[in-house]
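The file query_11.pdb contains PDB, C-alpha atoms:
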ATOM      1  CA  MET L   1     -28.952 -18.262  -5.811  1.00  0.00           C
ATOM      2  CA  PRO L   2     -28.582 -14.829  -7.538  1.00  0.00           C
ATOM      3  CA  ALA L   3     -25.008 -13.471  -7.768  1.00  0.00           C
ATOM      4  CA  LEU L   4     -25.699 -10.441  -5.595  1.00  0.00           C
ATOM      5  CA  GLU L   5     -27.223 -12.535  -2.839  1.00  0.00           C
ATOM      6  CA  ARG L   6     -24.360 -15.027  -3.020  1.00  0.00           C
ATOM      7  CA  GLN L   7     -21.843 -12.177  -2.729  1.00  0.00           C
ATOM      8  CA  SER L   8     -23.630 -10.681   0.258  1.00  0.00           C
ATOM      9  CA  ASP L   9     -23.749 -14.140   1.877  1.00  0.00           C
ATOM     10  CA  LEU L  10     -20.020 -14.537   1.269  1.00  0.00           C
ATOM     11  CA  LEU L  11     -19.244 -11.160   2.856  1.00  0.00           C
ATOM     12  CA  TRP L  12     -21.388 -12.009   5.876  1.00  0.00           C
ATOM     13  CA  GLN L  13     -19.573 -15.340   6.303  1.00  0.00           C
ATOM     14  CA  PHE L  14     -16.203 -13.618   5.950  1.00  0.00           C
ATOM     15  CA  ALA L  15     -17.121 -11.031   8.572  1.00  0.00           C
ATOM     16  CA  HIS L  16     -17.891 -13.930  10.916  1.00  0.00           C
ATOM     17  CA  GLY L  17     -14.461 -15.477  10.382  1.00  0.00           C
ATOM     18  CA  ASP L  18     -15.229 -18.175   7.813  1.00  0.00           C
ATOM     19  CA  LEU L  19     -11.952 -19.273   6.182  1.00  0.00           C
ATOM     20  CA  ASP L  20     -13.607 -20.603   3.020  1.00  0.00           C
ATOM     21  CA  ALA L  21     -15.311 -17.259   2.482  1.00  0.00           C
ATOM     22  CA  PHE L  22     -11.971 -15.518   2.978  1.00  0.00           C
ATOM     23  CA  GLU L  23     -10.356 -17.813   0.403  1.00  0.00           C
ATOM     24  CA  ALA L  24     -13.120 -17.082  -2.098  1.00  0.00           C
ATOM     25  CA  LEU L  25     -12.692 -13.326  -1.574  1.00  0.00           C
ATOM     26  CA  PHE L  26      -8.916 -13.659  -1.783  1.00  0.00           C
ATOM     27  CA  ARG L  27      -9.129 -15.447  -5.130  1.00  0.00           C
ATOM     28  CA  GLU L  28     -11.619 -12.914  -6.442  1.00  0.00           C
ATOM     29  CA  PHE L  29      -9.760  -9.771  -5.353  1.00  0.00           C
ATOM     30  CA  GLN L  30      -6.047 -10.699  -5.312  1.00  0.00           C
ATOM     31  CA  GLY L  31      -5.518  -9.473  -8.903  1.00  0.00           C
ATOM     32  CA  GLU L  32      -7.251  -6.172  -8.263  1.00  0.00           C
ATOM     33  CA  VAL L  33      -5.355  -5.543  -5.029  1.00  0.00           C
ATOM     34  CA  TYR L  34      -2.044  -6.490  -6.667  1.00  0.00           C
ATOM     35  CA  ARG L  35      -2.629  -4.125  -9.619  1.00  0.00           C
ATOM     36  CA  TRP L  36      -3.503  -1.297  -7.237  1.00  0.00           C
ATOM     37  CA  ILE L  37      -0.361  -1.836  -5.150  1.00  0.00           C
ATOM     38  CA  VAL L  38       1.944  -2.135  -8.144  1.00  0.00           C
ATOM     39  CA  ARG L  39       0.655   1.210  -9.377  1.00  0.00           C
ATOM     40  CA  ILE L  40       1.778   2.772  -6.104  1.00  0.00           C
ATOM     41  CA  VAL L  41       5.068   1.006  -5.364  1.00  0.00           C
ATOM     42  CA  ARG L  42       5.980   0.247  -9.024  1.00  0.00           C
ATOM     43  CA  ASP L  43       7.800  -2.951  -8.109  1.00  0.00           C
ATOM     44  CA  PRO L  44       6.028  -6.210  -9.115  1.00  0.00           C
ATOM     45  CA  GLY L  45       8.109  -8.340  -6.700  1.00  0.00           C
ATOM     46  CA  ALA L  46       7.361  -6.153  -3.699  1.00  0.00           C
ATOM     47  CA  ALA L  47       3.734  -5.838  -4.806  1.00  0.00           C
ATOM     48  CA  GLU L  48       3.227  -9.610  -4.411  1.00  0.00           C
ATOM     49  CA  ASP L  49       4.485  -9.519  -0.818  1.00  0.00           C
ATOM     50  CA  LEU L  50       2.410  -6.429  -0.096  1.00  0.00           C
ATOM     51  CA  THR L  51      -0.687  -8.119  -1.529  1.00  0.00           C
ATOM     52  CA  ILE L  52      -0.184 -10.957   0.950  1.00  0.00           C
ATOM     53  CA  GLU L  53       0.351  -8.434   3.765  1.00  0.00           C
ATOM     54  CA  THR L  54      -2.847  -6.610   2.729  1.00  0.00           C
ATOM     55  CA  PHE L  55      -4.921  -9.779   2.877  1.00  0.00           C
ATOM     56  CA  TRP L  56      -3.305 -10.744   6.175  1.00  0.00           C
ATOM     57  CA  ARG L  57      -4.478  -7.430   7.632  1.00  0.00           C
ATOM     58  CA  ILE L  58      -7.893  -7.966   6.035  1.00  0.00           C
ATOM     59  CA  TYR L  59      -8.120 -11.420   7.591  1.00  0.00           C
ATOM     60  CA  ARG L  60      -7.210 -10.114  11.040  1.00  0.00           C
ATOM     61  CA  ALA L  61      -9.717  -7.272  10.746  1.00  0.00           C
ATOM     62  CA  HIS L  62     -12.602  -9.448   9.508  1.00  0.00           C
ATOM     63  CA  ALA L  63     -14.701  -8.714  12.595  1.00  0.00           C
ATOM     64  CA  ARG L  64     -14.564  -4.976  11.841  1.00  0.00           C
ATOM     65  CA  PHE L  65     -15.769  -5.402   8.257  1.00  0.00           C
ATOM     66  CA  ASP L  66     -19.288  -4.190   7.570  1.00  0.00           C
ATOM     67  CA  ALA L  67     -20.830  -6.739   5.168  1.00  0.00           C
ATOM     68  CA  GLN L  68     -23.147  -4.035   3.789  1.00  0.00           C
ATOM     69  CA  ARG L  69     -20.196  -2.145   2.315  1.00  0.00           C
ATOM     70  CA  SER L  70     -17.967  -2.823  -0.674  1.00  0.00           C
ATOM     71  CA  PHE L  71     -15.213  -5.340  -0.006  1.00  0.00           C
ATOM     72  CA  GLY L  72     -13.178  -4.034  -2.972  1.00  0.00           C
ATOM     73  CA  ALA L  73     -13.129  -0.453  -1.673  1.00  0.00           C
ATOM     74  CA  TRP L  74     -12.187  -1.642   1.832  1.00  0.00           C
ATOM     75  CA  ALA L  75      -9.409  -3.854   0.460  1.00  0.00           C
ATOM     76  CA  ARG L  76      -8.098  -1.005  -1.689  1.00  0.00           C
ATOM     77  CA  ARG L  77      -7.921   1.292   1.305  1.00  0.00           C
ATOM     78  CA  ILE L  78      -5.991  -1.248   3.360  1.00  0.00           C
ATOM     79  CA  ALA L  79      -3.727  -1.931   0.367  1.00  0.00           C
ATOM     80  CA  THR L  80      -2.980   1.788   0.098  1.00  0.00           C
ATOM     81  CA  ASN L  81      -1.935   1.913   3.759  1.00  0.00           C
ATOM     82  CA  VAL L  82       0.259  -1.161   3.304  1.00  0.00           C
ATOM     83  CA  ALA L  83       1.902   0.381   0.229  1.00  0.00           C
ATOM     84  CA  LEU L  84       2.369   3.656   2.068  1.00  0.00           C
ATOM     85  CA  ASP L  85       4.101   1.883   4.973  1.00  0.00           C
ATOM     86  CA  TYR L  86       6.357   0.117   2.487  1.00  0.00           C
ATOM     87  CA  LEU L  87       7.295   3.380   0.772  1.00  0.00           C
ATOM     88  CA  LYS L  88       8.085   5.019   4.111  1.00  0.00           C
ATOM     89  CA  VAL L  89      10.552   2.243   4.972  1.00  0.00           C
ATOM     90  CA  ASP L  90      11.874   2.124   1.415  1.00  0.00           C
ATOM     91  CA  HIS L  91      12.341   5.870   1.533  1.00  0.00           C
ATOM     92  CA  LEU L  92      14.443   5.572   4.688  1.00  0.00           C
ATOM     93  CA  LYS L  93      16.535   2.721   3.339  1.00  0.00           C
ATOM     94  CA  SER L  94      16.806   4.037  -0.231  1.00  0.00           C
ATOM     95  CA  ALA L  95      18.392   0.704  -1.044  1.00  0.00           C
ATOM     96  CA  ARG L  96      16.920   0.129  -4.466  1.00  0.00           C
ATOM     97  CA  PRO L  97      18.638   1.818  -7.374  1.00  0.00           C
ATOM     98  CA  GLN L  98      16.139   4.395  -8.591  1.00  0.00           C
ATOM     99  CA  GLU L  99      16.668   3.636 -12.271  1.00  0.00           C
ATOM    100  CA  SER L 100      15.292   0.128 -11.892  1.00  0.00           C
ATOM    101  CA  LEU L 101      11.956   1.620 -10.917  1.00  0.00           C
ATOM    102  CA  LEU L 102      11.553   2.831 -14.461  1.00  0.00           C
ATOM    103  CA  GLN L 103      12.124  -0.561 -15.977  1.00  0.00           C
ATOM    104  CA  ASP L 104      10.411  -2.974 -13.612  1.00  0.00           C
ATOM    105  CA  VAL L 105       6.939  -2.334 -14.809  1.00  0.00           C
ATOM    106  CA  PRO L 106       6.149  -2.966 -18.447  1.00  0.00           C
ATOM    107  CA  ALA L 107       4.298  -0.030 -19.937  1.00  0.00           C
ATOM    108  CA  ALA L 108       3.420   1.696 -23.168  1.00  0.00           C
ATOM    109  CA  ALA L 109       6.125   3.246 -25.339  1.00  0.00           C
ATOM    110  CA  MET L 110       7.471   6.673 -24.421  1.00  0.00           C
ATOM    111  CA  PRO L 111       5.282   9.377 -25.929  1.00  0.00           C
ATOM    112  CA  ASN L 112       8.218  11.712 -26.443  1.00  0.00           C
ATOM    113  CA  PRO L 113      11.541  10.019 -27.157  1.00  0.00           C
ATOM    114  CA  GLY L 114      13.105  13.494 -27.386  1.00  0.00           C
ATOM    115  CA  VAL L 115      13.394  13.740 -23.614  1.00  0.00           C
ATOM    116  CA  GLN L 116      16.799  12.440 -22.764  1.00  0.00           C
ATOM    117  CA  ARG L 117      17.171   9.311 -20.680  1.00  0.00           C
ATOM    118  CA  ASP L 118      19.398  11.080 -18.186  1.00  0.00           C
ATOM    119  CA  ILE L 119      16.792  13.751 -17.486  1.00  0.00           C
ATOM    120  CA  ARG L 120      14.090  11.097 -17.142  1.00  0.00           C
ATOM    121  CA  GLU L 121      16.177   9.156 -14.658  1.00  0.00           C
ATOM    122  CA  ARG L 122      16.975  12.215 -12.600  1.00  0.00           C
ATOM    123  CA  THR L 123      13.334  13.267 -12.605  1.00  0.00           C
ATOM    124  CA  ALA L 124      12.286   9.796 -11.443  1.00  0.00           C
ATOM    125  CA  ARG L 125      14.958   9.892  -8.728  1.00  0.00           C
ATOM    126  CA  ALA L 126      13.766  13.290  -7.520  1.00  0.00           C
ATOM    127  CA  PHE L 127      10.202  11.987  -7.486  1.00  0.00           C
ATOM    128  CA  ARG L 128      11.169   8.961  -5.382  1.00  0.00           C
ATOM    129  CA  GLN L 129      12.745  11.301  -2.844  1.00  0.00           C
ATOM    130  CA  LEU L 130       9.412  12.956  -2.092  1.00  0.00           C
ATOM    131  CA  PRO L 131       7.844  12.153   1.292  1.00  0.00           C
ATOM    132  CA  ALA L 132       5.850   8.897   0.967  1.00  0.00           C
ATOM    133  CA  LYS L 133       2.432  10.527   1.442  1.00  0.00           C
ATOM    134  CA  LEU L 134       3.085  13.121  -1.256  1.00  0.00           C
ATOM    135  CA  GLN L 135       4.607  10.526  -3.543  1.00  0.00           C
ATOM    136  CA  VAL L 136       1.597   8.201  -3.326  1.00  0.00           C
ATOM    137  CA  THR L 137      -0.854  11.032  -3.910  1.00  0.00           C
ATOM    138  CA  ALA L 138       1.118  12.446  -6.826  1.00  0.00           C
ATOM    139  CA  THR L 139       1.606   8.991  -8.370  1.00  0.00           C
ATOM    140  CA  LEU L 140      -2.104   8.283  -8.325  1.00  0.00           C
ATOM    141  CA  ALA L 141      -3.133  11.775  -9.424  1.00  0.00           C
ATOM    142  CA  LEU L 142      -0.498  12.714 -11.993  1.00  0.00           C
ATOM    143  CA  ILE L 143       0.875   9.454 -13.366  1.00  0.00           C
ATOM    144  CA  GLU L 144      -2.029   7.042 -13.007  1.00  0.00           C
ATOM    145  CA  GLU L 145      -4.570   9.863 -13.519  1.00  0.00           C
ATOM    146  CA  GLU L 146      -7.011   8.515 -10.940  1.00  0.00           C
ATOM    147  CA  PRO L 147      -9.928  10.865 -10.133  1.00  0.00           C
ATOM    148  CA  TYR L 148      -9.245  13.039  -7.071  1.00  0.00           C
ATOM    149  CA  GLN L 149     -12.406  11.772  -5.411  1.00  0.00           C
ATOM    150  CA  ASP L 150     -11.192   8.145  -5.631  1.00  0.00           C
ATOM    151  CA  ILE L 151      -7.771   9.099  -4.276  1.00  0.00           C
ATOM    152  CA  ALA L 152      -9.387  10.933  -1.387  1.00  0.00           C
ATOM    153  CA  GLU L 153     -11.430   7.835  -0.524  1.00  0.00           C
ATOM    154  CA  VAL L 154      -8.523   5.395  -0.492  1.00  0.00           C
ATOM    155  CA  LEU L 155      -6.339   7.776   1.509  1.00  0.00           C
ATOM    156  CA  GLY L 156      -9.141   8.681   3.882  1.00  0.00           C
ATOM    157  CA  ILE L 157      -8.699  12.426   3.326  1.00  0.00           C
ATOM    158  CA  SER L 158     -10.710  15.200   1.633  1.00  0.00           C
ATOM    159  CA  VAL L 159     -10.428  16.130  -2.043  1.00  0.00           C
ATOM    160  CA  GLY L 160      -8.984  19.478  -0.920  1.00  0.00           C
ATOM    161  CA  ALA L 161      -6.250  17.655   0.976  1.00  0.00           C
ATOM    162  CA  VAL L 162      -5.453  15.603  -2.136  1.00  0.00           C
ATOM    163  CA  LYS L 163      -5.086  18.798  -4.178  1.00  0.00           C
ATOM    164  CA  LEU L 164      -2.886  20.291  -1.504  1.00  0.00           C
ATOM    165  CA  ARG L 165      -0.628  17.232  -1.469  1.00  0.00           C
ATOM    166  CA  VAL L 166      -0.296  17.316  -5.258  1.00  0.00           C
ATOM    167  CA  PHE L 167       0.519  21.019  -5.097  1.00  0.00           C
ATOM    168  CA  ARG L 168       3.165  20.439  -2.409  1.00  0.00           C
ATOM    169  CA  ALA L 169       4.621  17.490  -4.323  1.00  0.00           C
ATOM    170  CA  LEU L 170       5.009  19.638  -7.443  1.00  0.00           C
ATOM    171  CA  ARG L 171       6.571  22.475  -5.472  1.00  0.00           C
ATOM    172  CA  ILE L 172       9.159  20.191  -3.864  1.00  0.00           C
ATOM    173  CA  LEU L 173       9.808  18.445  -7.163  1.00  0.00           C
ATOM    174  CA  ARG L 174      10.394  21.756  -8.922  1.00  0.00           C
ATOM    175  CA  LYS L 175      12.920  22.709  -6.242  1.00  0.00           C
ATOM    176  CA  LYS L 176      14.708  19.354  -6.455  1.00  0.00           C
ATOM    177  CA  LEU L 177      14.841  19.501 -10.252  1.00  0.00           C
ATOM    178  CA  ARG L 178      16.337  22.982 -10.094  1.00  0.00           C
ATOM    179  CA  GLN L 179      19.000  21.699  -7.699  1.00  0.00           C
ATOM    180  CA  MET L 180      19.762  18.972 -10.231  1.00  0.00           C
ATOM    181  CA  GLY L 181      20.096  21.549 -12.959  1.00  0.00           C
ATOM    182  CA  ILE L 182      16.869  20.649 -14.731  1.00  0.00           C
ATOM    183  CA  GLU L 183      14.597  23.513 -15.779  1.00  0.00           C
ATOM    184  CA  PRO L 184      11.356  22.039 -17.104  1.00  0.00           C
TER     185      PRO L 184
ATOM    186  CA  MET D   1       3.396  31.297 -15.025  1.00  0.00           C
ATOM    187  CA  ASN D   2       3.384  28.856 -12.106  1.00  0.00           C
ATOM    188  CA  LYS D   3       0.548  26.901 -13.706  1.00  0.00           C
ATOM    189  CA  GLN D   4       2.540  26.603 -16.932  1.00  0.00           C
ATOM    190  CA  ASN D   5       5.556  25.547 -14.930  1.00  0.00           C
ATOM    191  CA  ASP D   6       3.522  22.889 -13.100  1.00  0.00           C
ATOM    192  CA  ASP D   7       2.175  21.585 -16.402  1.00  0.00           C
ATOM    193  CA  LYS D   8       5.719  21.229 -17.688  1.00  0.00           C
ATOM    194  CA  ILE D   9       6.782  19.316 -14.583  1.00  0.00           C
ATOM    195  CA  VAL D  10       3.770  17.013 -14.898  1.00  0.00           C
ATOM    196  CA  GLN D  11       4.658  16.456 -18.551  1.00  0.00           C
ATOM    197  CA  LEU D  12       8.240  15.617 -17.657  1.00  0.00           C
ATOM    198  CA  LEU D  13       7.038  13.330 -14.872  1.00  0.00           C
ATOM    199  CA  LYS D  14       4.743  11.432 -17.224  1.00  0.00           C
ATOM    200  CA  GLN D  15       7.610  10.923 -19.637  1.00  0.00           C
ATOM    201  CA  SER D  16       9.883   9.748 -16.827  1.00  0.00           C
ATOM    202  CA  ILE D  17       7.568   7.437 -14.917  1.00  0.00           C
ATOM    203  CA  ARG D  18       5.126   5.492 -17.005  1.00  0.00           C
ATOM    204  CA  PRO D  19       1.734   4.245 -15.803  1.00  0.00           C
ATOM    205  CA  ALA D  20       1.959   0.699 -14.469  1.00  0.00           C
ATOM    206  CA  ASP D  21       0.014  -1.990 -16.286  1.00  0.00           C
ATOM    207  CA  SER D  22       1.444  -5.091 -14.674  1.00  0.00           C
ATOM    208  CA  GLY D  23      -1.002  -7.882 -13.828  1.00  0.00           C
ATOM    209  CA  LEU D  24      -0.707 -10.718 -11.334  1.00  0.00           C
ATOM    210  CA  GLU D  25       0.761 -13.759 -13.066  1.00  0.00           C
ATOM    211  CA  ARG D  26       0.209 -16.436 -10.407  1.00  0.00           C
ATOM    212  CA  ASP D  27      -2.152 -17.428  -7.654  1.00  0.00           C
ATOM    213  CA  LEU D  28      -0.941 -16.105  -4.297  1.00  0.00           C
ATOM    214  CA  TRP D  29      -3.256 -18.249  -2.155  1.00  0.00           C
ATOM    215  CA  PRO D  30      -0.570 -20.886  -1.268  1.00  0.00           C
ATOM    216  CA  GLN D  31       1.682 -18.062   0.010  1.00  0.00           C
ATOM    217  CA  MET D  32      -1.244 -16.583   1.911  1.00  0.00           C
ATOM    218  CA  LEU D  33      -1.923 -19.919   3.619  1.00  0.00           C
ATOM    219  CA  ARG D  34       1.740 -20.223   4.586  1.00  0.00           C
ATOM    220  CA  ARG D  35       1.680 -16.733   6.091  1.00  0.00           C
ATOM    221  CA  MET D  36      -1.470 -17.505   8.073  1.00  0.00           C
ATOM    222  CA  GLN D  37       0.055 -20.700   9.476  1.00  0.00           C
ATOM    223  CA  GLU D  38       3.312 -18.956  10.426  1.00  0.00           C
ATOM    224  CA  ARG D  39       1.557 -16.046  12.101  1.00  0.00           C
ATOM    225  CA  SER D  40      -0.950 -18.175  13.997  1.00  0.00           C
ATOM    226  CA  VAL D  41       1.894 -20.166  15.611  1.00  0.00           C
ATOM    227  CA  ALA D  42       3.975 -17.102  16.520  1.00  0.00           C
ATOM    228  CA  VAL D  43       3.353 -15.555  19.953  1.00  0.00           C
ATOM    229  CA  PRO D  44       3.641 -11.743  20.013  1.00  0.00           C
ATOM    230  CA  TRP D  45       6.599 -10.357  22.005  1.00  0.00           C
ATOM    231  CA  PHE D  46       4.221  -8.424  24.228  1.00  0.00           C
ATOM    232  CA  ASP D  47       2.669 -11.686  25.485  1.00  0.00           C
ATOM    233  CA  TRP D  48       6.119 -13.008  26.416  1.00  0.00           C
ATOM    234  CA  ALA D  49       6.933  -9.740  28.211  1.00  0.00           C
ATOM    235  CA  LEU D  50       3.653  -9.940  30.126  1.00  0.00           C
ATOM    236  CA  LEU D  51       4.339 -13.544  31.123  1.00  0.00           C
ATOM    237  CA  ALA D  52       7.866 -12.651  32.288  1.00  0.00           C
ATOM    238  CA  ALA D  53       6.555  -9.696  34.321  1.00  0.00           C
ATOM    239  CA  LEU D  54       3.936 -11.919  35.940  1.00  0.00           C
ATOM    240  CA  ALA D  55       6.499 -14.615  36.805  1.00  0.00           C
ATOM    241  CA  LEU D  56       8.809 -11.994  38.288  1.00  0.00           C
ATOM    242  CA  TRP D  57       5.981 -10.508  40.304  1.00  0.00           C
ATOM    243  CA  LEU D  58       4.998 -13.909  41.719  1.00  0.00           C
ATOM    244  CA  CYS D  59       8.612 -14.646  42.668  1.00  0.00           C
ATOM    245  CA  LEU D  60       8.979 -11.307  44.448  1.00  0.00           C
ATOM    246  CA  ALA D  61       5.586 -11.442  46.156  1.00  0.00           C
ATOM    247  CA  PRO D  62       4.499 -15.083  46.565  1.00  0.00           C
ATOM    248  CA  GLY D  63       1.822 -13.939  48.991  1.00  0.00           C
ATOM    249  CA  THR D  64      -0.198 -12.620  46.054  1.00  0.00           C
ATOM    250  CA  ILE D  65      -0.568 -16.076  44.453  1.00  0.00           C
ATOM    251  CA  PRO D  66      -3.822 -16.916  46.324  1.00  0.00           C
ATOM    252  CA  VAL D  67      -5.229 -13.484  45.403  1.00  0.00           C
ATOM    253  CA  LEU D  68      -4.346 -14.094  41.746  1.00  0.00           C
ATOM    254  CA  LEU D  69      -5.882 -17.584  41.808  1.00  0.00           C
ATOM    255  CA  TYR D  70      -9.020 -16.185  43.454  1.00  0.00           C
ATOM    256  CA  HIS D  71      -9.421 -13.618  40.640  1.00  0.00           C
ATOM    257  CA  LEU D  72      -8.830 -16.230  37.942  1.00  0.00           C
TER     258      LEU D  72
END

Have the structure of the file written as structure tokens, please.
Amino acid sequence: MPALERQSDLLWQFAHGDLDAFEALFREFQGEVYRWIVRIVRDPGAAEDLTIETFWRIYRAHARFDAQRSFGAWARRIATNVALDYLKVDHLKSARPQESLLQDVPAAAMPNPGVQRDIRERTARAFRQLPAKLQVTATLALIEEEPYQDIAEVLGISVGAVKLRVFRALRILRKKLRQMGIEP
Amino acid sequence: MNKQNDDKIVQLLKQSIRPADSGLERDLWPQMLRRMQERSVAVPWFDWALLAALALWLCLAPGTIPVLLYHL
């Protein structure tokens, strides 16, 4: 059976509640969903739990899935909502020390070591204090450099709304940085 | 001026928070199965509340039991 036909068969079976089809889709997409979530919440431990939560929501909503559409895009959209919910709660609790957010995720070396660690930490802290919706949009747009069109799709808003959120995030961030005595 | 200022903030942000490149290191399917088993056993609180309300109603108005049975 050709790959495309097999995939479409799998999606049809999943939409009709087949557990084996769900397992196959889970195994195929878990890595992609996890990577997407970790880019938003920047905490690998939490991202694992949120990946499970995403697939739990996917499983429950199987009857609403249109087998003609992309499973990956649908999963990414649900994952974004799950991550957003997590950030809203995390924002209220503010339990995690903000500095750890910088170190949890392995990444490339700093492009400019001249920027002092203290300023970087305070900037990251100010960023984490942004409202969850603005933070997610700004993370995807400014840090992960995702195209605005893709961000609009996963958030279910227009490209104009994405631009507006980025603009508002920068405005609030500038104000917070000033309060912290940082003039970029 | 504002544009320049925004660019500087973005620059500072990029230096402060690095892009994430963490990949999944283990299979999460066993955890997923556990979650599905736990959730399928659990009864939502709303169902319990509905059951309690129904029991209370039947105690207060036993005359409605035949009507309820008829509609079932």

Notebook entry, point to check: What does the distance from atom CA of L:Ala126 to atom CA of L:Ile157 come to in Å, to one decimal?
Noted result: 25.0 Å

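Atom pair atom CA of L:Asp150 / atom CA of D:Asn2: separated by 26.1 Å.
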
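Take atom CA of L:Leu155 and atom CA of D:Lys3: the distance between them is 25.4 Å.
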
Check: Selected by the PyMOL selection byres ((chain D) within 9 of (chain L)) in the shown coordinates: which residues, as JSON, numbers by chain?
Finding: {"D": [5, 6, 8, 9, 10, 11, 12, 13, 14, 15, 16, 17, 18, 19, 20, 21, 22, 23, 24, 25, 27, 28, 29, 31, 32, 35, 36]}

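For L:Arg165, the non-local neighbours within 8 Å, defined as residues at least 6 positions apart in the same chain or in other chains and counting only C-alpha atoms, are Lys133, Leu134, Thr137 and Ala138 of chain L.
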
Checklist line | Using only C-alpha atoms: which of L:Val166, L:Val159, L:Ile172, L:Ile151 has the shortest distance to L:Arg77 | finding: L:Ile151

Item checked: Of the listed residues L:Leu130, L:Ala152, L:Ala161, L:Val136, that which approaches L:Lys175 most closely, counting only C-alpha atoms -> L:Leu130

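Each of L:Arg64, L:Arg168, L:Arg57, L:Lys88 was checked against L:Arg76 using all atoms listed in the file; the smallest atom-to-atom distance is that of L:Arg57.
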
Notebook entry, point to check: Residues picked by the PyMOL selection byres ((chain L and resi 78) around 9) here, as a ChimeraX atom specification?
Noted result: /L:54-55,57-58,73-77,79-83,154

I'd like the contact shell of stretch 14-20 of chain L - 6 Å cut-off, only C-alpha atoms, skipping same-chain residues fewer than 3 positions apart - returned as a PDB file with C-alpha atoms, in the coordinates of the input.
ATOM      1  CA  LEU L  11     -19.244 -11.160   2.856  1.00  0.00           C
ATOM      2  CA  GLU L  23     -10.356 -17.813   0.403  1.00  0.00           C
ATOM      3  CA  HIS L  62     -12.602  -9.448   9.508  1.00  0.00           C
ATOM      4  CA  ALA L  63     -14.701  -8.714  12.595  1.00  0.00           C
ATOM      5  CA  PHE L  65     -15.769  -5.402   8.257  1.00  0.00           C
TER       6      PHE L  65
END

Extract, using only C-alpha atoms, all DNA, RNA and protein residues at most 8 Å from L:Leu25, discarding same-chain residues fewer than 4 positions from it, and format them as a PDB file with C-alpha atoms, in the coordinates of the input.
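Saved file around.pdb follows:
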ATOM      1  CA  LEU L  10     -20.020 -14.537   1.269  1.00  0.00           C
ATOM      2  CA  ALA L  21     -15.311 -17.259   2.482  1.00  0.00           C
ATOM      3  CA  PHE L  29      -9.760  -9.771  -5.353  1.00  0.00           C
TER       4      PHE L  29
END

Since fewer atoms than expected are present, regenerate N, CA and C atoms for stretch 48-59 of chain D and write them as a compact mmCIF listing (two decimals), in the coordinates of the input.
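Output (result29.txt):
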# COMPACT_ATOMS: atom_id res chain seq x y z
N TRP D 48 4.96 -12.46 25.68
CA TRP D 48 6.12 -13.01 26.42
C TRP D 48 6.54 -12.05 27.53
N ALA D 49 6.53 -10.75 27.23
CA ALA D 49 6.93 -9.74 28.21
C ALA D 49 5.96 -9.75 29.40
N LEU D 50 4.69 -9.91 29.08
CA LEU D 50 3.65 -9.94 30.13
C LEU D 50 3.84 -11.16 31.02
N LEU D 51 4.13 -12.29 30.38
CA LEU D 51 4.34 -13.54 31.12
C LEU D 51 5.56 -13.42 32.04
N ALA D 52 6.63 -12.83 31.51
CA ALA D 52 7.87 -12.65 32.29
C ALA D 52 7.61 -11.73 33.48
N ALA D 53 6.86 -10.66 33.25
CA ALA D 53 6.56 -9.70 34.32
C ALA D 53 5.73 -10.37 35.42
N LEU D 54 4.79 -11.21 34.98
CA LEU D 54 3.94 -11.92 35.94
C LEU D 54 4.76 -12.90 36.78
N ALA D 55 5.65 -13.64 36.10
CA ALA D 55 6.50 -14.62 36.80
C ALA D 55 7.38 -13.90 37.82
N LEU D 56 7.94 -12.78 37.41
CA LEU D 56 8.81 -11.99 38.29
C LEU D 56 8.03 -11.50 39.51
N TRP D 57 6.84 -11.02 39.23
CA TRP D 57 5.98 -10.51 40.30
C TRP D 57 5.66 -11.61 41.33
N LEU D 58 5.35 -12.80 40.83
CA LEU D 58 5.00 -13.91 41.72
C LEU D 58 6.20 -14.38 42.55
N CYS D 59 7.40 -14.27 41.93
CA CYS D 59 8.61 -14.65 42.67
C CYS D 59 8.89 -13.64 43.79
